[in-house]
>>> print(open('input_17.txt').read())   # compact mmCIF, C-alpha atoms and all ligand atoms
# COMPACT_ATOMS: atom_id res chain seq x y z
CA MET A 1 23.59 36.87 -38.39
CA ILE A 2 25.23 36.85 -34.97
CA ARG A 3 21.98 38.10 -33.48
CA LYS A 4 20.09 35.32 -35.20
CA ILE A 5 22.53 32.69 -33.92
CA THR A 6 22.34 34.13 -30.41
CA LEU A 7 18.55 34.03 -30.57
CA LEU A 8 18.63 30.43 -31.76
CA PHE A 9 21.02 29.55 -28.97
CA VAL A 10 18.83 31.16 -26.31
CA THR A 11 15.73 29.41 -27.71
CA LEU A 12 17.50 26.05 -27.64
CA ALA A 13 18.71 26.67 -24.11
CA LEU A 14 15.14 27.46 -23.01
CA LEU A 15 13.83 24.34 -24.71
CA ALA A 16 16.43 22.25 -22.95
CA LEU A 17 15.49 23.61 -19.51
CA PRO A 18 12.62 21.26 -18.68
CA LEU A 19 14.87 18.29 -19.42
CA ASN A 20 17.84 19.32 -17.33
CA GLY A 21 16.72 22.07 -14.98
CA LEU A 22 13.54 20.74 -13.37
CA ALA A 23 12.99 17.85 -10.99
CA GLU A 24 11.18 14.79 -12.22
CA THR A 25 8.14 13.98 -10.11
CA VAL A 26 6.98 10.49 -9.24
CA ALA A 27 3.47 10.48 -7.78
CA SER A 28 2.16 7.47 -5.85
CA SER A 29 -1.53 6.94 -5.19
CA PHE A 30 -1.34 6.26 -1.45
CA TYR A 31 0.96 5.51 1.44
CA PRO A 32 2.11 1.89 0.88
CA ILE A 33 2.94 2.60 -2.76
CA HIS A 34 4.71 5.79 -1.71
CA LEU A 35 6.84 3.72 0.71
CA LEU A 36 7.89 1.38 -2.11
CA THR A 37 8.69 4.17 -4.60
CA LEU A 38 10.64 6.15 -1.97
CA ASN A 39 13.00 3.20 -1.74
CA LEU A 40 13.29 2.90 -5.52
CA VAL A 41 14.24 6.56 -6.09
CA ASP A 42 16.33 6.91 -2.91
CA GLY A 43 19.48 8.95 -3.47
CA ILE A 44 18.64 9.83 -7.08
CA ASP A 45 19.21 13.54 -7.61
CA GLY A 46 16.47 15.49 -9.32
CA VAL A 47 13.68 13.01 -8.61
CA GLU A 48 10.93 13.94 -6.21
CA ALA A 49 8.50 11.33 -4.82
CA ARG A 50 5.06 12.63 -3.84
CA CYS A 51 2.11 10.85 -2.27
CA VAL A 52 -1.24 11.85 -3.82
CA ALA A 53 -3.50 10.88 -0.90
CA ALA A 54 -2.38 12.50 2.39
CA PRO A 55 -0.36 10.12 4.62
CA GLN A 56 -3.20 9.81 7.13
CA THR A 57 -5.80 8.86 4.50
CA GLY A 58 -5.65 5.08 4.95
CA CYS A 59 -6.99 2.72 2.29
CA LEU A 60 -8.48 4.32 -0.82
CA HIS A 61 -11.87 2.61 -0.55
CA ASP A 62 -14.39 5.15 -1.98
CA TYR A 63 -11.64 7.79 -2.16
CA GLN A 64 -12.41 10.80 -4.36
CA LEU A 65 -9.58 12.83 -5.86
CA SER A 66 -9.45 16.43 -4.64
CA ALA A 67 -8.49 19.43 -6.77
CA GLY A 68 -5.10 19.35 -5.01
CA ASP A 69 -4.65 15.67 -5.90
CA MET A 70 -5.40 16.44 -9.56
CA ARG A 71 -2.85 19.25 -9.46
CA THR A 72 -0.22 16.83 -8.06
CA LEU A 73 -1.05 14.37 -10.84
CA SER A 74 -0.93 17.03 -13.55
CA GLU A 75 2.58 17.95 -12.36
CA ALA A 76 3.77 14.33 -12.21
CA ASP A 77 5.90 12.61 -14.84
CA VAL A 78 4.70 9.19 -13.79
CA PHE A 79 1.91 7.88 -11.54
CA CYS A 80 2.49 4.69 -9.52
CA ILE A 81 -0.65 2.85 -8.46
CA CYS A 82 -1.39 -0.23 -6.39
CA GLY A 83 -3.86 -1.53 -8.95
CA ALA A 84 -6.11 -4.56 -8.35
CA GLY A 85 -9.01 -2.11 -7.91
CA MET A 86 -7.59 0.00 -5.07
CA GLU A 87 -7.77 3.22 -7.11
CA GLY A 88 -11.47 3.30 -7.94
CA TYR A 89 -11.02 6.76 -9.46
CA LEU A 90 -8.61 5.59 -12.17
CA GLU A 91 -10.99 6.09 -15.12
CA HIS A 92 -11.33 9.71 -14.11
CA VAL A 93 -7.52 10.14 -14.20
CA PHE A 94 -7.27 8.49 -17.64
CA GLU A 95 -9.94 10.89 -18.92
CA ALA A 96 -8.52 14.06 -17.39
CA LEU A 97 -4.82 13.30 -18.01
CA PRO A 98 -4.60 10.94 -21.00
CA GLU A 99 -0.86 11.62 -21.38
CA LEU A 100 0.07 10.65 -17.81
CA LYS A 101 2.17 7.49 -17.62
CA VAL A 102 0.59 5.08 -15.11
CA VAL A 103 2.56 2.18 -13.58
CA ASP A 104 0.44 -0.63 -12.13
CA ALA A 105 2.25 -2.39 -9.26
CA SER A 106 -0.19 -5.31 -9.26
CA ALA A 107 0.80 -6.77 -12.65
CA GLU A 108 1.52 -10.50 -12.24
CA VAL A 109 0.59 -10.50 -8.56
CA PRO A 110 -1.63 -13.56 -8.01
CA LEU A 111 -4.89 -11.86 -6.99
CA LEU A 112 -7.41 -13.14 -4.48
CA PRO A 113 -11.11 -12.45 -4.95
CA SER A 114 -12.73 -9.82 -2.74
CA GLU A 115 -15.11 -11.39 -0.25
CA THR A 116 -16.99 -8.16 0.38
CA GLY A 117 -18.08 -7.78 -3.23
CA GLU A 118 -17.08 -4.09 -3.34
CA THR A 119 -14.39 -4.84 -5.94
CA GLU A 120 -13.67 -7.91 -8.05
CA PHE A 121 -10.28 -8.56 -6.44
CA ASN A 122 -8.95 -7.91 -2.98
CA PRO A 123 -6.63 -4.92 -3.51
CA HIS A 124 -4.54 -5.22 -0.28
CA ILE A 125 -1.74 -6.98 -2.12
CA TRP A 126 1.22 -5.23 -0.43
CA LEU A 127 0.62 -6.98 2.89
CA SER A 128 2.43 -10.06 1.63
CA PRO A 129 6.17 -9.25 1.35
CA ALA A 130 6.40 -11.75 -1.52
CA ASN A 131 3.87 -9.60 -3.37
CA ALA A 132 5.76 -6.45 -2.39
CA ARG A 133 8.79 -7.92 -4.17
CA ILE A 134 6.73 -8.34 -7.38
CA MET A 135 5.35 -4.83 -6.91
CA ILE A 136 8.78 -3.19 -6.69
CA ARG A 137 9.81 -5.08 -9.82
CA ASN A 138 6.81 -3.62 -11.69
CA LEU A 139 7.33 -0.15 -10.25
CA ALA A 140 11.07 -0.17 -10.99
CA ALA A 141 10.43 -1.24 -14.60
CA GLY A 142 7.86 1.53 -15.08
CA LEU A 143 10.03 4.17 -13.42
CA ALA A 144 13.08 3.17 -15.47
CA GLU A 145 11.02 3.46 -18.64
CA ALA A 146 9.75 6.91 -17.63
CA MET A 147 13.22 8.08 -16.52
CA PRO A 148 15.72 6.10 -18.61
CA ASN A 149 18.56 8.36 -17.41
CA HIS A 150 18.04 6.93 -13.90
CA ALA A 151 17.40 3.31 -14.91
CA GLU A 152 20.63 1.95 -13.43
CA ALA A 153 20.22 3.66 -10.08
CA ILE A 154 16.58 2.52 -9.86
CA GLU A 155 17.61 -1.08 -10.54
CA ARG A 156 20.35 -0.89 -7.91
CA ASN A 157 17.82 0.39 -5.37
CA ARG A 158 15.33 -2.31 -6.35
CA ALA A 159 17.87 -5.10 -5.89
CA ALA A 160 18.90 -3.81 -2.45
CA TYR A 161 15.27 -3.38 -1.35
CA ASP A 162 14.36 -6.79 -2.76
CA ALA A 163 17.03 -8.43 -0.57
CA ARG A 164 15.57 -6.69 2.50
CA LEU A 165 12.02 -7.77 1.61
CA GLN A 166 13.19 -11.34 1.10
CA ALA A 167 14.81 -11.29 4.55
CA LEU A 168 11.56 -9.91 6.01
CA ASP A 169 9.55 -12.66 4.31
CA GLU A 170 11.86 -15.34 5.70
CA GLU A 171 11.64 -13.85 9.19
CA LEU A 172 7.83 -13.81 9.05
CA THR A 173 7.74 -17.38 7.71
CA ALA A 174 9.92 -18.63 10.58
CA GLY A 175 8.21 -16.50 13.24
CA LEU A 176 4.68 -17.52 12.26
CA ALA A 177 5.36 -21.21 11.52
CA PRO A 178 4.17 -22.28 15.02
CA PHE A 179 0.77 -20.70 14.29
CA ALA A 180 0.04 -22.41 10.96
CA GLY A 181 -3.69 -22.85 10.49
CA ALA A 182 -4.65 -19.99 12.83
CA GLU A 183 -8.02 -18.34 12.20
CA LEU A 184 -7.85 -14.54 12.23
CA ILE A 185 -10.69 -12.08 12.66
CA THR A 186 -9.52 -8.74 11.29
CA PHE A 187 -11.06 -5.30 11.18
CA HIS A 188 -11.51 -5.09 7.42
CA GLU A 189 -10.51 -7.25 4.49
CA ALA A 190 -6.87 -6.11 4.53
CA PHE A 191 -5.02 -9.28 5.55
CA PRO A 192 -5.98 -12.21 3.28
CA TYR A 193 -2.71 -11.99 1.28
CA PHE A 194 -0.72 -11.87 4.50
CA ALA A 195 -2.67 -14.79 5.96
CA GLU A 196 -2.27 -16.87 2.82
CA ALA A 197 1.48 -16.23 2.75
CA TYR A 198 1.92 -17.59 6.28
CA ASP A 199 -0.56 -20.47 6.34
CA MET A 200 -3.23 -18.63 8.27
CA HIS A 201 -6.81 -17.82 7.37
CA VAL A 202 -9.00 -14.76 7.74
CA ALA A 203 -12.16 -16.37 9.10
CA ALA A 204 -14.20 -13.18 9.36
CA VAL A 205 -13.91 -9.41 9.10
CA ILE A 206 -15.52 -6.96 11.47
CA VAL A 207 -16.64 -4.45 8.80
CA ARG A 208 -17.03 -4.89 5.04
CA GLU A 209 -15.58 -1.47 4.33
CA PRO A 210 -13.82 0.93 6.71
CA GLY A 211 -16.32 3.56 7.78
CA ASP A 212 -19.29 1.16 7.85
CA ALA A 213 -21.15 1.19 11.16
CA LEU A 214 -22.42 -2.19 12.32
CA SER A 215 -26.09 -2.65 13.05
CA PRO A 216 -27.07 -4.44 16.30
CA ARG A 217 -27.97 -7.45 14.15
CA GLU A 218 -24.54 -7.50 12.48
CA ILE A 219 -22.87 -7.26 15.89
CA ALA A 220 -24.98 -10.20 17.08
CA GLU A 221 -23.97 -12.22 14.00
CA LEU A 222 -20.33 -11.41 14.59
CA VAL A 223 -20.61 -12.48 18.23
CA GLU A 224 -21.99 -15.82 17.02
CA THR A 225 -19.18 -16.25 14.49
CA VAL A 226 -16.54 -15.46 17.10
CA ARG A 227 -18.07 -17.94 19.57
CA ALA A 228 -18.30 -20.62 16.87
CA LEU A 229 -14.58 -20.17 16.18
CA GLY A 230 -13.73 -20.56 19.87
CA ASN A 231 -13.22 -16.85 20.67
CA PRO A 232 -10.03 -16.21 18.65
CA PRO A 233 -8.29 -12.81 19.07
CA LEU A 234 -9.83 -9.85 17.26
CA PHE A 235 -7.49 -7.64 15.29
CA THR A 236 -8.36 -3.97 14.94
CA GLU A 237 -6.41 -1.42 12.89
CA PRO A 238 -4.82 1.79 14.19
CA GLN A 239 -6.47 3.77 11.38
CA TYR A 240 -10.02 3.00 12.45
CA ALA A 241 -12.20 3.13 15.56
CA ASP A 242 -12.44 -0.24 17.33
CA LEU A 243 -15.86 0.20 18.93
CA ALA A 244 -17.44 -2.83 17.21
CA ALA A 245 -14.47 -5.04 18.17
CA LYS A 246 -14.71 -3.89 21.78
CA THR A 247 -18.42 -4.69 21.87
CA VAL A 248 -17.83 -8.16 20.41
CA ALA A 249 -14.89 -8.71 22.79
CA ALA A 250 -17.02 -7.74 25.78
CA GLU A 251 -19.71 -10.24 24.70
CA THR A 252 -17.35 -13.13 23.96
CA GLY A 253 -14.24 -12.63 26.06
CA ALA A 254 -12.08 -12.66 22.92
CA GLY A 255 -8.92 -10.53 23.17
CA VAL A 256 -8.45 -7.37 21.09
CA TRP A 257 -5.13 -6.68 19.38
CA GLU A 258 -3.96 -4.28 16.70
CA LEU A 259 -2.56 -5.13 13.28
CA ASP A 260 -1.35 -2.29 11.06
CA PRO A 261 -2.07 -2.59 7.32
CA CYS A 262 0.62 0.05 6.74
CA VAL A 263 -1.71 2.49 5.02
CA THR A 264 -0.72 5.51 7.12
CA GLY A 265 2.51 6.82 8.61
CA PRO A 266 4.75 9.82 9.06
CA GLU A 267 4.41 12.61 6.51
CA THR A 268 8.04 13.72 6.54
CA ASP A 269 11.35 12.02 7.37
CA ILE A 270 9.75 8.69 6.51
CA PRO A 271 12.16 5.88 7.43
CA LEU A 272 12.90 3.84 4.29
CA THR A 273 12.34 0.72 6.41
CA TYR A 274 8.85 1.84 7.49
CA TYR A 275 7.03 -1.04 5.74
CA GLU A 276 9.43 -3.59 7.21
CA ASP A 277 9.16 -1.99 10.67
CA VAL A 278 5.36 -2.19 10.58
CA MET A 279 5.41 -5.81 9.38
CA ARG A 280 7.84 -6.79 12.15
CA GLN A 281 5.56 -5.10 14.68
CA ASN A 282 2.63 -7.09 13.22
CA LEU A 283 4.70 -10.26 13.63
CA ARG A 284 5.24 -9.53 17.33
CA VAL A 285 1.54 -8.77 17.83
CA LEU A 286 0.49 -12.01 16.14
CA GLN A 287 2.98 -14.05 18.14
CA ASP A 288 1.66 -12.51 21.36
CA ALA A 289 -2.02 -12.75 20.43
CA LEU A 290 -1.86 -16.30 19.11
CA SER A 291 0.22 -17.68 21.98
CA HIS A 292 -1.82 -16.11 24.76
CA GLY A 293 -5.28 -15.91 23.13
ZN ZN B 1 -8.51 -1.53 2.81
>>> encode(input="input_17.txt", output="structure tokens", more="lines below")
Ligand SMILES: [Zn+2]
Amino acid sequence: MIRKITLLFVTLALLALPLNGLAETVASSFYPIHLLTLNLVDGIDGVEARCVAAPQTGCLHDYQLSAGDMRTLSEADVFCICGAGMEGYLEHVFEALPELKVVDASAEVPLLPSETGETEFNPHIWLSPANARIMIRNLAAGLAEAMPNHAEAIERNRAAYDARLQALDEELTAGLAPFAGAELITFHEAFPYFAEAYDMHVAAVIVREPGDALSPREIAELVETVRALGNPPLFTEPQYADLAAKTVAAETGAGVWELDPCVTGPETDIPLTYYEDVMRQNLRVLQDALSHG
């Protein structure tokens, strides 16, 4: 009898192990979502945040999941995605891991159509801090549901982060107010949400999708567009080569500046303020570019 009870006790203890003994893993699809979830699970013991796409990947346009990515996902308790079409591989994940809980950060974000026609909606929603605030609300709700034991701590983190994002939004609104109506030419279609939030407009993009090479004819068309707009500054992105922009700049005399869509960053020791830091840097670049041309 005692042996039986002991055996039962040991079995129960083993069954309880995965609940109490192992870390819970939150996987995020790519860097900007990872930055948001890192803030939401900050300081919560036993929760590990992992980024599925390597931190230098950039946007997920045409991204294919590797075997390592699938392993990360199979080990995750919950998978946080940008949504709005950024994760083109999603069907494949649903098929391979039907049990995996997926949290879509884009729910209730007012979506803009994609001008390039590659996806129905423009998926670069995080580049408006007002959207980022909606996104952390969605992510926090999904994470709290997946890890109810941490719900309070997640909500505390969300509220603190939300206050910081609101302050960032107000700073950008004030700092960009003098440039209302500005026409921007950006590297790819990453900044329409940002532009809309601050009364600016993306008049043209240099490439439809990152990785596209421009034909001489496309370069000539772009040169014409830039001239027609009065040679506004061209904004490249640190993640991608700026050869086409340099060619167009040389032809038109337009200045070349760099805006960061915050899709890459440090792999370890990531500052929790990284998104805000990048957006403040973008603010300074825009102020410089739009005041001096
Ligand atoms: Zn992109």
>>> residues_around(input="input_17.txt", residues="Ala151 in chain A", least_positions_apart="5", cutoff="12 Å", atoms="all atoms listed in the file", output="list of chain:residue names")
A:Leu40, A:Val41, A:Ile44, A:Leu139, A:Ala140, A:Ala141, A:Gly142, A:Leu143, A:Ala144, A:Glu145, A:Ala146, A:Arg156, A:Asn157, A:Arg158
>>> residues_near_point(input="input_17.txt", point="(5.2, 7.2, -9.2)", cutoff="9 Å", atoms="only C-alpha atoms", output="JSON, numbers by chain")
{"A": [25, 26, 27, 28, 29, 33, 34, 37, 49, 50, 51, 76, 77, 78, 79, 80, 81, 101, 102, 103, 139, 142, 143]}
>>> residues_near_ligand(input="input_17.txt", ligand="ligand ZN 1 (chain B)", cutoff="9 Å", atoms="only C-alpha atoms and all ligand atoms", output="list in words")
Gly58, Cys59, Leu60, His61, Met86, Asn122, Pro123, His124, His188, Glu189, Ala190, Phe191, Glu209, Pro210, Pro261 and Val263 of chain A
>>> atom_distance(input="input_17.txt", atom1="CA of Glu170 in chain A", atom2="CA of Tyr274 in chain A")
17.5 Å
>>> closest_residue(input="input_17.txt", among="A:Leu214, A:Ile219, A:Leu36, A:Leu283", to="Leu165 in chain A", atoms="only C-alpha atoms")
A:Leu36
>>> residues_around(input="input_17.txt", residues="Arg133 in chain A", least_positions_apart="6", cutoff="10 Å", atoms="all atoms listed in the file", output="JSON list (two decimals) with C-alpha atoms, keeping the file's coordinate frame")
[["chain", "number", "residue", "atom", "x", "y", "z"],
["A", 36, "LEU", "CA", 7.89, 1.38, -2.11],
["A", 105, "ALA", "CA", 2.25, -2.39, -9.26],
["A", 109, "VAL", "CA", 0.59, -10.50, -8.56],
["A", 126, "TRP", "CA", 1.22, -5.23, -0.43],
["A", 139, "LEU", "CA", 7.33, -0.15, -10.25],
["A", 158, "ARG", "CA", 15.33, -2.31, -6.35],
["A", 159, "ALA", "CA", 17.87, -5.10, -5.89],
["A", 161, "TYR", "CA", 15.27, -3.38, -1.35],
["A", 162, "ASP", "CA", 14.36, -6.79, -2.76],
["A", 163, "ALA", "CA", 17.03, -8.43, -0.57],
["A", 164, "ARG", "CA", 15.57, -6.69, 2.50],
["A", 165, "LEU", "CA", 12.02, -7.77, 1.61],
["A", 166, "GLN", "CA", 13.19, -11.34, 1.10],
["A", 169, "ASP", "CA", 9.55, -12.66, 4.31]]
>>> closest_residue(input="input_17.txt", among="A:Ala23, A:Leu38, A:Ile125, A:Val47", to="His150 in chain A", atoms="all atoms listed in the file")
A:Val47
>>> atom_distance(input="input_17.txt", atom1="CA of Phe179 in chain A", atom2="CA of Pro271 in chain A")
29.7 Å
>>> closest_residue(input="input_17.txt", among="A:Leu286, A:Ile270, A:Ala203, A:Met279", to="Gly230 in chain A", atoms="only C-alpha atoms")
A:Ala203
>>> residues_around(input="input_17.txt", residues="Asn231 in chain A", least_positions_apart="2", cutoff="7 Å", atoms="all atoms listed in the file", output="PDB file with C-alpha atoms, in the frame of the given file")
ATOM      1  CA  VAL A 226     -16.540 -15.460  17.100  1.00  0.00           C
ATOM      2  CA  ARG A 227     -18.070 -17.940  19.570  1.00  0.00           C
ATOM      3  CA  LEU A 229     -14.580 -20.170  16.180  1.00  0.00           C
ATOM      4  CA  PRO A 233      -8.290 -12.810  19.070  1.00  0.00           C
ATOM      5  CA  THR A 252     -17.350 -13.130  23.960  1.00  0.00           C
ATOM      6  CA  GLY A 253     -14.240 -12.630  26.060  1.00  0.00           C
ATOM      7  CA  ALA A 254     -12.080 -12.660  22.920  1.00  0.00           C
TER       8      ALA A 254
END
